[in-house]
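Q: Here's a structure for you.
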Amino acid sequence: MAEKTNLRLSITESPSVFDNLEKMSVHEIIHGINSEDAKVAPAVKKALPRIETLINLVEERMKKGGRIFYLGAGTSGRLGVLDASELPPTFGVPDTMVIGLIAGGDVALRKAVEAAEDDPRRAWEELAERNITKLDTVIGIAASGSTPYVVGGLEKARENGLLTACITCNPDSGVARVAEYPIEVIVGPEFVTGSTRLKAGTAQKMVLNIITTTLMIKLGRVKGSKMVNMQLTNQKLVARGTRMIVDELGISEKEARDALLKCGSVKKAIESLKQ
């Protein structure tokens, strides 16, 4: 007789409240997914007090030169890399300010890397390669809360005196136990059982948006509601920047565009034109 394994079933692995998905119409499927997605924002709202505490602590460190490192595998790792990669063009910050590390390296962004997330030592090795300091913050992202790559990295980071946090969708998980500031966003079972690219992934993306957007605002990378430090990487952004300058100073579009292209950012162009 085969030996039975007693596995504790996490919320993210629990059976969907829907069944026989293959028998549903397109109308039923999309409305079912949408009804589940509607549960995400209220769950994130419950986590806002812990998110606020974390942001205040990270802001203090980043003003002294600290960085943020995300640790994740699979969907969670890709979301961390996505968030980190969008900050330089959006806010004009260096790509070394927020760094996303994914189990298996960059190749794992496009395809699964077998067993990469099962190594509890690798994340800390990657952090050490980047000369991590006590001003830095390590945020583990794991829907299940049990990913060895993330748990091991957080554990070593905390042992070495770094600020540690995590974003997970299961209560009382491994990452929550080792992180100093766990952010638990409990969204319930997925529409497709265990597919955490759905609600859990959406919840993680929302939390990441809140954390880094707030930090960029507090670090002076936004004026009013505008991305005045965005990189001018295409004509759409040049046009957007030109409109910002025109709205701010009431000058001609040509004068605004010329100043923008000369100075390289909306903020610098406005400062130059005000002199």
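In the structure tokens, the first chain shown is A, the next is B, and so on; residue numbers restart at 1 for each chain, and ligands run from 1 in the order shown.
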List every residue of segment 120-164 of chain A that DSSP, applied to the backbone of this structure, assigns to strand (DSSP E or B), and report them as a VMD selection string.
A: chain A and resid 137 to 141 163 to 164
Q: Mind checking which residues fall within 12 Å of Asp37 of chain A, counting only C-alpha atoms, ignoring those fewer than 3 positions away in the same chain, and posting them as JSON, numbers by chain?
A: {"A": [30, 31, 32, 33, 34, 40, 41, 42, 43, 44, 187, 188, 189, 190, 191, 196, 197, 198, 199, 200, 201, 202, 203, 206]}
Q: Put those residues in a file: N, CA and C atoms, as a PDB file, in the first residue's frame.
A:
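The new file result.pdb reads:
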ATOM      1  N   ILE A  30     -16.709  34.295 -18.192  1.00  0.00           N
ATOM      2  CA  ILE A  30     -16.178  35.644 -17.981  1.00  0.00           C
ATOM      3  C   ILE A  30     -16.860  36.337 -16.814  1.00  0.00           C
ATOM      4  N   HIS A  31     -18.145  36.066 -16.605  1.00  0.00           N
ATOM      5  CA  HIS A  31     -18.818  36.664 -15.456  1.00  0.00           C
ATOM      6  C   HIS A  31     -18.375  36.009 -14.155  1.00  0.00           C
ATOM      7  N   GLY A  32     -18.044  34.736 -14.206  1.00  0.00           N
ATOM      8  CA  GLY A  32     -17.511  34.068 -13.026  1.00  0.00           C
ATOM      9  C   GLY A  32     -16.155  34.621 -12.633  1.00  0.00           C
ATOM     10  N   ILE A  33     -15.270  34.782 -13.624  1.00  0.00           N
ATOM     11  CA  ILE A  33     -13.945  35.357 -13.340  1.00  0.00           C
ATOM     12  C   ILE A  33     -14.081  36.771 -12.799  1.00  0.00           C
ATOM     13  N   ASN A  34     -14.953  37.548 -13.414  1.00  0.00           N
ATOM     14  CA  ASN A  34     -15.152  38.933 -12.978  1.00  0.00           C
ATOM     15  C   ASN A  34     -15.695  39.009 -11.562  1.00  0.00           C
ATOM     16  N   VAL A  40     -10.917  41.200  -4.900  1.00  0.00           N
ATOM     17  CA  VAL A  40      -9.509  41.525  -4.678  1.00  0.00           C
ATOM     18  C   VAL A  40      -9.319  42.872  -3.971  1.00  0.00           C
ATOM     19  N   ALA A  41      -9.931  43.938  -4.486  1.00  0.00           N
ATOM     20  CA  ALA A  41      -9.725  45.270  -3.905  1.00  0.00           C
ATOM     21  C   ALA A  41     -10.132  45.330  -2.430  1.00  0.00           C
ATOM     22  N   PRO A  42     -11.272  44.750  -2.024  1.00  0.00           N
ATOM     23  CA  PRO A  42     -11.600  44.759  -0.589  1.00  0.00           C
ATOM     24  C   PRO A  42     -10.565  44.022   0.265  1.00  0.00           C
ATOM     25  N   ALA A  43      -9.989  42.938  -0.284  1.00  0.00           N
ATOM     26  CA  ALA A  43      -8.965  42.206   0.462  1.00  0.00           C
ATOM     27  C   ALA A  43      -7.698  43.046   0.609  1.00  0.00           C
ATOM     28  N   VAL A  44      -7.327  43.770  -0.450  1.00  0.00           N
ATOM     29  CA  VAL A  44      -6.165  44.664  -0.372  1.00  0.00           C
ATOM     30  C   VAL A  44      -6.414  45.782   0.638  1.00  0.00           C
ATOM     31  N   VAL A 187      -7.527  36.384  -0.707  1.00  0.00           N
ATOM     32  CA  VAL A 187      -8.553  36.543  -1.748  1.00  0.00           C
ATOM     33  C   VAL A 187      -9.370  35.276  -1.989  1.00  0.00           C
ATOM     34  N   GLY A 188      -9.022  34.190  -1.324  1.00  0.00           N
ATOM     35  CA  GLY A 188      -9.793  32.961  -1.447  1.00  0.00           C
ATOM     36  C   GLY A 188      -9.341  32.075  -2.596  1.00  0.00           C
ATOM     37  N   PRO A 189     -10.025  30.962  -2.791  1.00  0.00           N
ATOM     38  CA  PRO A 189      -9.673  30.033  -3.875  1.00  0.00           C
ATOM     39  C   PRO A 189      -9.798  30.699  -5.246  1.00  0.00           C
ATOM     40  N   GLU A 190      -9.020  30.181  -6.191  1.00  0.00           N
ATOM     41  CA  GLU A 190      -9.028  30.739  -7.539  1.00  0.00           C
ATOM     42  C   GLU A 190     -10.177  30.160  -8.377  1.00  0.00           C
ATOM     43  N   PHE A 191     -10.566  30.887  -9.416  1.00  0.00           N
ATOM     44  CA  PHE A 191     -11.607  30.425 -10.337  1.00  0.00           C
ATOM     45  C   PHE A 191     -11.205  29.079 -10.941  1.00  0.00           C
ATOM     46  N   THR A 196      -2.819  30.733  -9.405  1.00  0.00           N
ATOM     47  CA  THR A 196      -2.599  31.996  -8.692  1.00  0.00           C
ATOM     48  C   THR A 196      -2.184  33.145  -9.607  1.00  0.00           C
ATOM     49  N   ARG A 197      -2.152  32.925 -10.915  1.00  0.00           N
ATOM     50  CA  ARG A 197      -1.976  34.047 -11.852  1.00  0.00           C
ATOM     51  C   ARG A 197      -3.258  34.865 -11.936  1.00  0.00           C
ATOM     52  N   LEU A 198      -4.335  34.363 -11.323  1.00  0.00           N
ATOM     53  CA  LEU A 198      -5.624  35.046 -11.362  1.00  0.00           C
ATOM     54  C   LEU A 198      -5.741  36.014 -10.183  1.00  0.00           C
ATOM     55  N   LYS A 199      -6.618  35.756  -9.214  1.00  0.00           N
ATOM     56  CA  LYS A 199      -6.858  36.719  -8.125  1.00  0.00           C
ATOM     57  C   LYS A 199      -5.601  37.020  -7.315  1.00  0.00           C
ATOM     58  N   ALA A 200      -4.838  35.989  -6.984  1.00  0.00           N
ATOM     59  CA  ALA A 200      -3.644  36.213  -6.177  1.00  0.00           C
ATOM     60  C   ALA A 200      -2.658  37.124  -6.904  1.00  0.00           C
ATOM     61  N   GLY A 201      -2.461  36.853  -8.209  1.00  0.00           N
ATOM     62  CA  GLY A 201      -1.559  37.697  -8.989  1.00  0.00           C
ATOM     63  C   GLY A 201      -2.051  39.130  -9.076  1.00  0.00           C
ATOM     64  N   THR A 202      -3.359  39.298  -9.244  1.00  0.00           N
ATOM     65  CA  THR A 202      -3.937  40.649  -9.290  1.00  0.00           C
ATOM     66  C   THR A 202      -3.727  41.359  -7.960  1.00  0.00           C
ATOM     67  N   ALA A 203      -3.930  40.652  -6.860  1.00  0.00           N
ATOM     68  CA  ALA A 203      -3.740  41.251  -5.530  1.00  0.00           C
ATOM     69  C   ALA A 203      -2.294  41.675  -5.329  1.00  0.00           C
ATOM     70  N   MET A 206      -1.549  44.804  -7.313  1.00  0.00           N
ATOM     71  CA  MET A 206      -2.140  45.985  -6.689  1.00  0.00           C
ATOM     72  C   MET A 206      -1.296  46.468  -5.512  1.00  0.00           C
TER      73      MET A 206
END
Q: Can you pull out the residues contacting Arg158 of chain A? Cut-off 12 Å, using only C-alpha atoms, and skip same-chain residues under 6 positions away; I want them as a list of chain:residue names.
A: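 Here the qualifying residues turn out to be A:Trp124, A:Thr133, A:Lys134, A:Asp136, A:Thr137, A:Val138, A:Ile139, A:Gly140, A:Val151, A:Gly152, A:Thr164, A:Ala165, A:Cys166, A:Val175, A:Arg177, A:Val178, A:Ala179, A:Glu180, A:Tyr181.
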Q: Quick one: pick out all alpha helix (DSSP H) residues within segment 1-96 of chain A from a backbone DSSP run and write them as a ChimeraX atom specification.
A: /A:26-37,40-46,48-62,74-91
Q: Could you tell me which of A:Gln204, A:Thr213, A:Asn170, A:Thr12 comes closest to Arg78 of chain A if we count only C-alpha atoms?
A: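 Using only C-alpha atoms, the shortest distance to Arg78 of chain A belongs to A:Gln204.
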Q: Near Lys268 of chain A, counting only C-alpha atoms, which residues have an atom at most 12 Å away, once you skip same-chain residues fewer than 3 positions from it, shown as a ChimeraX atom specification?
A: /A:92,221,228-231,241,245,256,259-265,271-275
Q: Taking C-alpha atoms for each residue, export the selection above as a compact mmCIF listing (two decimals), in the first residue's frame.
A:
# COMPACT_ATOMS: atom_id res chain seq x y z
CA GLY A 92 13.20 58.62 -14.05
CA ARG A 221 9.33 62.02 -8.50
CA VAL A 228 7.50 65.04 -14.44
CA ASN A 229 10.60 62.80 -14.36
CA MET A 230 9.48 60.21 -16.92
CA GLN A 231 11.96 59.11 -19.55
CA GLY A 241 5.61 66.03 -21.52
CA ILE A 245 4.89 72.17 -19.69
CA ALA A 256 7.71 73.75 -24.54
CA ALA A 259 12.87 72.98 -23.91
CA LEU A 260 11.78 69.43 -23.10
CA LEU A 261 14.05 67.87 -25.72
CA LYS A 262 16.96 70.05 -24.64
CA CYS A 263 16.59 69.38 -20.89
CA GLY A 264 15.51 65.76 -21.04
CA SER A 265 12.66 65.87 -18.52
CA GLU A 271 12.98 74.79 -13.95
CA SER A 272 14.98 76.06 -16.92
CA LEU A 273 12.13 78.09 -18.37
CA LYS A 274 11.33 79.68 -15.01
CA GLN A 275 14.84 81.11 -14.68
Q: List the spatial neighbours of segment 222-227 of chain A as number ranges by chain - criterion: any atom at most 8 Å away, only C-alpha atoms, same-chain residues fewer than 6 positions off excluded.
A: A: 90-91, 216, 244
Q: Between A:Ile99, A:Ala116, A:Ala38, A:Leu232, single out the one closest to Arg67 of chain A, counting only C-alpha atoms.
A: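 Closest residue, counting only C-alpha atoms: A:Ile99.
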Q: Have a look at atom CA of Ile183 of chain A and atom CA of Pro120 of chain A and let me know their distance in Å, one decimal.
A: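 Value for the atom CA of Ile183 of chain A-atom CA of Pro120 of chain A distance: 20.8 Å.
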Q: Measuring atom to atom with only C-alpha atoms, identify which of A:Ile55, A:Ile186, A:Ser35, A:Asp19 is nearest to Lys218 of chain A.
A: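 When distances to Lys218 of chain A are compared using only C-alpha atoms, the smallest one comes from A:Ile55.
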Q: Between A:Leu219, A:Ala142, A:Ala128, A:Val266, which one has atoms that come closest to Arg240 of chain A, using only C-alpha atoms?
A: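 Going through A:Leu219, A:Ala142, A:Ala128, A:Val266 one by one, the smallest distance to Arg240 of chain A is for A:Val266.
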Q: Rank nothing, just name the residue among A:Gly220, A:Gly72, A:Gly77, A:Gly145 nearest to Pro182 of chain A, using only C-alpha atoms.
A: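 Going through A:Gly220, A:Gly72, A:Gly77, A:Gly145 one by one, the smallest distance to Pro182 of chain A is for A:Gly145.
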Q: Mind checking which residues fall within 12 Å of Gly104 of chain A, counting only C-alpha atoms, ignoring those fewer than 6 positions away in the same chain, and posting them as JSON, numbers by chain?
A: {"A": [71, 72, 73, 74, 77, 78, 110, 111, 112, 113, 114, 115, 116, 117, 118, 119, 122, 123, 126, 149]}
Q: Kindly export the residues of the current selection with C-alpha atoms, as a PDB file, in the first residue's frame.
A:
ATOM      1  CA  LEU A  71      12.216  37.923  -4.357  1.00  0.00           C
ATOM      2  CA  GLY A  72       9.767  35.665  -6.171  1.00  0.00           C
ATOM      3  CA  ALA A  73       9.235  32.631  -8.367  1.00  0.00           C
ATOM      4  CA  GLY A  74       6.867  32.031 -11.262  1.00  0.00           C
ATOM      5  CA  GLY A  77       8.648  36.674  -9.471  1.00  0.00           C
ATOM      6  CA  ARG A  78       7.524  38.045 -12.826  1.00  0.00           C
ATOM      7  CA  ARG A 110       9.450  33.554 -20.310  1.00  0.00           C
ATOM      8  CA  LYS A 111       9.492  29.893 -19.362  1.00  0.00           C
ATOM      9  CA  ALA A 112       9.450  27.742 -16.249  1.00  0.00           C
ATOM     10  CA  VAL A 113      12.866  26.758 -14.891  1.00  0.00           C
ATOM     11  CA  GLU A 114      12.651  23.345 -13.293  1.00  0.00           C
ATOM     12  CA  ALA A 115      13.174  23.254  -9.506  1.00  0.00           C
ATOM     13  CA  ALA A 116      14.620  26.804  -9.408  1.00  0.00           C
ATOM     14  CA  GLU A 117      12.227  27.892  -6.677  1.00  0.00           C
ATOM     15  CA  ASP A 118      13.106  24.904  -4.475  1.00  0.00           C
ATOM     16  CA  ASP A 119      16.604  26.167  -3.535  1.00  0.00           C
ATOM     17  CA  ARG A 122      20.024  30.845  -3.931  1.00  0.00           C
ATOM     18  CA  ALA A 123      18.134  34.088  -3.186  1.00  0.00           C
ATOM     19  CA  GLU A 126      21.999  36.624  -5.379  1.00  0.00           C
ATOM     20  CA  TYR A 149      13.625  30.444  -2.685  1.00  0.00           C
TER      21      TYR A 149
END
Q: Considering only C-alpha atoms, can you say which of A:Gly80, A:Gly250, A:Gly161, A:Gly65 comes closest to Ala103 of chain A?
A: A:Gly80
Q: Atom CA of Glu184 of chain A and atom CA of Ile167 of chain A, how far apart in Å?
A: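 Rounded to one decimal, the two atoms are 6.0 Å apart.
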Q: So how far away is atom CA of Thr193 of chain A from atom CA of Val17 of chain A, in Å?
A: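 Interatomic distance, atom CA of Val17 of chain A to atom CA of Thr193 of chain A: 8.7 Å.
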